[in-house]
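Quick notes on the structure that follows.
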Amino acid sequence: MYGNLRRMAGAGAPGGSRDGRRRSAHAGAAPSRAMVGALALLLLAGCSDGASDGSVPDRPGQRPKSVAPFWVNPDSKAARQVSAYGKDGKSGDARLINKIATQPVAEWIGVDDPQGEARGFTEAAAKADREALLVLYNIPHRDCGSYSKGGAADGNAYRAWLDGVLKGIGNRATTVILEPDALPHIADKCTPQQFHEERYALLTEAVGKLKALPRTKVYLDAGNPHWIKDPGRMVEPLKRAGIDRADGFALNISNYQTTAENTKYGKKLSAMVDGKRFVIDTSRNGNGPAPGGDDPENWCNPPGRALGAAPTTKTDDPQIAAYLWIKRPGESDGTCKGGPKAGTWWPKYALGLAHGAK
């Protein structure tokens with residue numbers, strides 16, 4: 001059963017980027033109905049996130065809904081790594097990676113079967129009485145041709161892909177992080193001017209269509225405090241992309257900036273966009289960013305980083321809707337500092353993040 005589920009767990013993986021934000025175009029195979037049914041059986045079996053014998057953890061279960069209502073994928077790459085380490089007798093490493101496996105991490109929808117993937121993840125989440133957390137990352141001219149270049153061939157291809165996602169989500173509870181990098185790359189002029197109007201149109205349409213679904217929340221990416229340092233520069237891009245209809249904006253995706261800095265930045269930006277709430281990616285910011293030095297890619301697989309605060313909607317701040325793990329901890333930012341291709345699971349880096357976690 002686990003073998004069949006692996007294809008779904010690997011779908012749509014992120015990388016990292018300049019100023020901490022590139023992602024990969026990798027996409028796994030879409031989950032079939034058989035896979036979804038098998039996953040439902042696994043969930044109903046009541047797997048726990050504890051270690052029954054005090055050494056190797058079991059398959060992860062769900063977090064308390066009142067704290068983290070988002071779905072934990074019991075067959076994620078991290079969960080499979082825990083099992084592999086257990087079989088190899090590496091119980092200490094298994095317990096470290098279990099810090100990742102037991103948390104709800106965003107699923108990045110791939111390009112080949114958006115409807116199947118979106119349906120698979122949202123159905124599995126619904127059967128576990130949880131909410132799916134999805135990332136849509138397929139905008140044309142994505143990532144300015146860097147580590148995670150790619151995206152839909154043109155606007156029509158993007159619309160067709162989005163329609164598949166919409167059909168897959170349906171009426172199931174879902175939070176969507178919409179197109180990481182897309183607006184900050186307009187603000188920093190990385191995306192050429194001739195593509196701006198199309199991008200705004202596609203994002204506005206996407207926000208509108210996603211919000212027309214009965215139980216879907218949408219957050220537009222707004223960069224991080226060390227990328228677009230003046231939050232005022234993000235106001236026009238957000239407004240032109242439909243922030244008025246969205247639930248809010250997202251900060252720090254695939255980056256390492258501290259929660260405190262993101263909170264300060266987010267509150268300034270929120271005040272400029274009618275008080276919209278925001279979410280912060282805390283997946284890898286436990287030790288903050290790497291020292292700048294002379295490394296132009298200090299955002300890419302920096303050593304010595306750590307997992308940040310666990311995903312939760314209990315933020316103790318009315319402006320912050322949630323702390324989320326949007327970037328998938330343990331997956332590479334790109335082929336730098338010995339890393340594999342962006343979005344590839346990298347056990348060594350995952351162990352480092354978990355070891356450094358407070």
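In the structure tokens, chains take letters A, B, ... by order of appearance, with residues numbered from 1 within each chain and ligands from 1 in the order shown.
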
Got a sec to tell me which of segment 183-226 of chain A DSSP assigns to strand (DSSP E), as a PyMOL selection string? chain A and resi 216-221

Go ahead and write the selection's residues with N, CA, C and O atoms as a compact mmCIF listing (two decimals), in the first residue's frame.
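Dumped to part_13.txt:
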```txt
# COMPACT_ATOMS: atom_id res chain seq x y z
N THR A 216 -12.57 27.67 0.17
CA THR A 216 -11.16 27.87 -0.17
C THR A 216 -10.68 29.25 0.26
O THR A 216 -11.31 30.26 -0.03
N LYS A 217 -9.54 29.27 0.95
CA LYS A 217 -8.86 30.52 1.31
C LYS A 217 -7.68 30.70 0.36
O LYS A 217 -7.08 29.72 -0.08
N VAL A 218 -7.33 31.97 0.09
CA VAL A 218 -6.27 32.27 -0.87
C VAL A 218 -5.35 33.35 -0.31
O VAL A 218 -5.82 34.39 0.17
N TYR A 219 -4.04 33.09 -0.40
CA TYR A 219 -3.03 34.06 0.02
C TYR A 219 -2.04 34.30 -1.12
O TYR A 219 -1.46 33.35 -1.65
N LEU A 220 -1.85 35.56 -1.48
CA LEU A 220 -0.90 35.96 -2.51
C LEU A 220 0.49 36.16 -1.89
O LEU A 220 0.61 36.74 -0.81
N ASP A 221 1.52 35.73 -2.59
CA ASP A 221 2.88 35.89 -2.08
C ASP A 221 3.30 37.36 -2.12
O ASP A 221 3.09 38.05 -3.10
```

Where does segment 118-144 of chain A meet segment 176-179 of chain A within 6 Å, residue by residue, with the nearest atom pair and distance in Å to one decimal for each, counting only C-alpha atoms, listed by chain and rising number, as CSV?
```
residue,atom,partner,partner_atom,distance
A:Leu134,CA,A:Val176,CA,4.9
A:Val135,CA,A:Ile177,CA,4.7
A:Leu136,CA,A:Leu178,CA,5.2
A:Tyr137,CA,A:Glu179,CA,4.6
```

Preceding selection exported with N, CA, C and O atoms as an mmCIF file, in the first residue's frame:
```cif
data_model
loop_
_atom_site.group_PDB
_atom_site.id
_atom_site.type_symbol
_atom_site.label_atom_id
_atom_site.label_comp_id
_atom_site.auth_asym_id
_atom_site.auth_seq_id
_atom_site.Cartn_x
_atom_site.Cartn_y
_atom_site.Cartn_z
ATOM 1 N N LEU A 134 -2.347 23.772 -0.113
ATOM 2 C CA LEU A 134 -1.803 23.609 -1.457
ATOM 3 C C LEU A 134 -1.052 24.853 -1.908
ATOM 4 O O LEU A 134 -1.400 25.973 -1.519
ATOM 5 N N VAL A 135 -0.056 24.656 -2.747
ATOM 6 C CA VAL A 135 0.674 25.754 -3.383
ATOM 7 C C VAL A 135 0.496 25.627 -4.888
ATOM 8 O O VAL A 135 0.726 24.558 -5.465
ATOM 9 N N LEU A 136 0.082 26.711 -5.532
ATOM 10 C CA LEU A 136 -0.004 26.757 -6.991
ATOM 11 C C LEU A 136 1.190 27.539 -7.505
ATOM 12 O O LEU A 136 1.370 28.714 -7.161
ATOM 13 N N TYR A 137 1.987 26.884 -8.349
ATOM 14 C CA TYR A 137 3.254 27.471 -8.789
ATOM 15 C C TYR A 137 3.503 27.075 -10.237
ATOM 16 O O TYR A 137 4.278 26.179 -10.537
#
```

**Asked** Can you list, as a ChimeraX atom specification, every protein, DNA or RNA residue that comes within 7 Å of Met234 of chain A when you count only C-alpha atoms, leaving out same-chain residues fewer than 3 positions away?
**Response** /A:187,222,231,237-238

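Of the residues under consideration (A:Gly232, A:Thr282, A:Trp325, A:His185), A:Trp325 shows the shortest atom-to-atom contact distance to Val72 of chain A when counting only C-alpha atoms.
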
* Pick out the closest residue to Val273 of chain A from this set: A:Gly248, A:Pro303, A:Gly89, A:Pro74. Count only C-alpha atoms. =>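 Checking each of A:Gly248, A:Pro303, A:Gly89, A:Pro74 against Val273 of chain A, counting only C-alpha atoms, the winner is A:Gly248.
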
message: Would you compute the distance between atom CA of Leu353 of chain A and atom CA of Glu331 of chain A? Give it in Å to one decimal.
response: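 Computing the Euclidean distance for atom CA of Leu353 of chain A and atom CA of Glu331 of chain A yields 10.7 Å.
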
### Message
Quick one: residues within 12 Å of Ala201 of chain A, only C-alpha atoms, excluding same-chain residues fewer than 2 positions away - as a list in words?
### Response
Ile139, Pro140, Gly155, Asn156, Tyr158, Arg159, Phe195, His196, Glu197, Glu198, Arg199, Leu203, Thr204, Glu205, Ala206, Val207, Gly208, Pro237, Leu238, Lys239, Arg240, Ala241 and Gly242 of chain A

Can you pull out the residues contacting Gly356 of chain A? Cut-off 7 Å, using only C-alpha atoms, and skip same-chain residues under 6 positions away; I want them as an mmCIF file with N, CA, C and O atoms, in the first residue's frame.
```cif
data_model
loop_
_atom_site.group_PDB
_atom_site.id
_atom_site.type_symbol
_atom_site.label_atom_id
_atom_site.label_comp_id
_atom_site.auth_asym_id
_atom_site.auth_seq_id
_atom_site.Cartn_x
_atom_site.Cartn_y
_atom_site.Cartn_z
ATOM 1 N N ARG A 305 21.064 26.053 9.423
ATOM 2 C CA ARG A 305 19.689 26.548 9.621
ATOM 3 C C ARG A 305 18.884 25.515 10.415
ATOM 4 O O ARG A 305 19.330 24.407 10.667
ATOM 5 N N ALA A 306 17.662 25.875 10.787
ATOM 6 C CA ALA A 306 16.860 25.010 11.652
ATOM 7 C C ALA A 306 15.384 25.140 11.344
ATOM 8 O O ALA A 306 14.918 26.168 10.845
ATOM 9 N N LEU A 307 14.642 24.084 11.653
ATOM 10 C CA LEU A 307 13.187 24.157 11.583
ATOM 11 C C LEU A 307 12.692 25.280 12.477
ATOM 12 O O LEU A 307 13.252 25.531 13.546
#
```

task = Could you please write out, as a ChimeraX atom specification, every residue of segment 129-321 of chain A that DSSP assigns to helix (DSSP H, G or I)?
result = /A:143-145,155-169,184-187,193-212,231-240,259-272

Could the residues in this selection be written to a file with C-alpha atoms, as a compact mmCIF listing (two decimals), in the first residue's frame?
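out.txt, freshly written:
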```
# COMPACT_ATOMS: atom_id res chain seq x y z
CA ASP A 143 11.44 32.35 -11.65
CA CYS A 144 13.13 34.55 -14.28
CA GLY A 145 14.89 31.55 -15.81
CA GLY A 155 -1.86 32.37 -20.42
CA ASN A 156 -4.27 29.90 -21.98
CA ALA A 157 -2.22 26.95 -20.79
CA TYR A 158 -2.22 28.42 -17.29
CA ARG A 159 -5.98 28.89 -17.33
CA ALA A 160 -6.49 25.28 -18.41
CA TRP A 161 -4.17 24.08 -15.64
CA LEU A 162 -5.97 26.24 -13.07
CA ASP A 163 -9.34 24.88 -14.18
CA GLY A 164 -8.06 21.41 -13.37
CA VAL A 165 -7.04 22.54 -9.90
CA LEU A 166 -10.46 24.10 -9.31
CA LYS A 167 -12.27 20.91 -10.30
CA GLY A 168 -9.98 18.92 -8.04
CA ILE A 169 -10.58 21.10 -4.98
CA PRO A 184 7.92 40.08 -5.87
CA HIS A 185 9.58 39.41 -9.22
CA ILE A 186 7.49 42.20 -10.67
CA ALA A 187 8.47 44.50 -7.81
CA GLN A 193 7.88 44.45 -18.27
CA GLN A 194 6.17 42.87 -21.28
CA PHE A 195 4.88 40.03 -19.09
CA HIS A 196 3.43 42.16 -16.27
CA GLU A 197 -0.06 42.76 -17.63
CA GLU A 198 -0.62 39.10 -18.42
CA ARG A 199 0.62 38.10 -14.98
CA TYR A 200 -1.71 40.51 -13.21
CA ALA A 201 -4.64 39.29 -15.31
CA LEU A 202 -3.89 35.63 -14.57
CA LEU A 203 -3.49 36.20 -10.84
CA THR A 204 -6.67 38.29 -10.64
CA GLU A 205 -8.59 35.55 -12.45
CA ALA A 206 -7.06 32.88 -10.21
CA VAL A 207 -8.01 34.71 -7.02
CA GLY A 208 -11.56 35.22 -8.26
CA LYS A 209 -12.06 31.60 -9.35
CA LEU A 210 -10.52 30.14 -6.20
CA LYS A 211 -12.62 32.38 -3.95
CA ALA A 212 -15.73 31.32 -5.88
CA PRO A 231 6.70 47.00 1.91
CA GLY A 232 5.21 49.93 0.05
CA ARG A 233 6.65 48.50 -3.18
CA MET A 234 4.37 45.48 -2.83
CA VAL A 235 1.15 47.47 -2.50
CA GLU A 236 0.43 48.12 -6.19
CA PRO A 237 1.35 44.55 -7.28
CA LEU A 238 -0.91 43.08 -4.61
CA LYS A 239 -3.80 45.36 -5.48
CA ARG A 240 -3.49 44.69 -9.20
CA THR A 259 9.25 35.36 12.47
CA ALA A 260 9.75 38.64 14.35
CA GLU A 261 11.03 40.45 11.24
CA ASN A 262 8.26 39.03 9.08
CA THR A 263 5.67 40.08 11.63
CA LYS A 264 6.94 43.65 11.68
CA TYR A 265 7.04 43.78 7.89
CA GLY A 266 3.66 42.12 7.51
CA LYS A 267 1.92 44.56 9.80
CA LYS A 268 3.28 47.50 7.85
CA LEU A 269 2.15 45.98 4.58
CA SER A 270 -1.23 44.97 6.00
CA ALA A 271 -1.95 48.56 6.97
CA MET A 272 -1.45 49.55 3.32
```

Pick out the residues sitting within 7 Å of Ala173 of chain A, and hand them over as a PyMOL selection string; count only C-alpha atoms, and ignore anything fewer than 6 positions along from it in its own chain. chain A and resi 131-132+215-216

Could you dump the residues just selected with all heavy atoms as a CSV table (one decimal), in the first residue's frame?
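Contents of the output file part.csv:
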```csv
chain,number,residue,atom,x,y,z
A,131,GLU,N,-7.9,20.1,6.8
A,131,GLU,CA,-7.9,21.1,5.7
A,131,GLU,C,-6.7,20.9,4.8
A,131,GLU,O,-5.6,20.7,5.4
A,131,GLU,CB,-8.0,22.5,6.2
A,131,GLU,CG,-8.0,23.6,5.1
A,131,GLU,CD,-8.2,25.0,5.8
A,131,GLU,OE1,-8.8,25.0,6.9
A,131,GLU,OE2,-7.8,25.9,5.2
A,132,ALA,N,-6.8,20.8,3.5
A,132,ALA,CA,-5.6,20.7,2.6
A,132,ALA,C,-4.9,22.1,2.5
A,132,ALA,O,-5.5,23.1,2.6
A,132,ALA,CB,-6.0,20.3,1.2
A,215,ARG,N,-15.2,26.7,0.0
A,215,ARG,CA,-14.4,26.5,1.3
A,215,ARG,C,-12.9,26.7,1.0
A,215,ARG,O,-12.1,26.0,1.6
A,215,ARG,CB,-14.7,25.2,1.9
A,215,ARG,CG,-16.2,24.9,2.2
A,215,ARG,CD,-16.4,23.5,2.7
A,215,ARG,NE,-15.8,23.3,4.0
A,215,ARG,CZ,-15.6,22.1,4.5
A,215,ARG,NH1,-15.9,21.0,3.8
A,215,ARG,NH2,-15.0,22.0,5.7
A,216,THR,N,-12.6,27.7,0.2
A,216,THR,CA,-11.2,27.9,-0.2
A,216,THR,C,-10.7,29.2,0.3
A,216,THR,O,-11.3,30.3,0.0
A,216,THR,CB,-10.9,27.7,-1.7
A,216,THR,OG1,-11.3,26.4,-2.1
A,216,THR,CG2,-9.5,28.0,-2.1
```
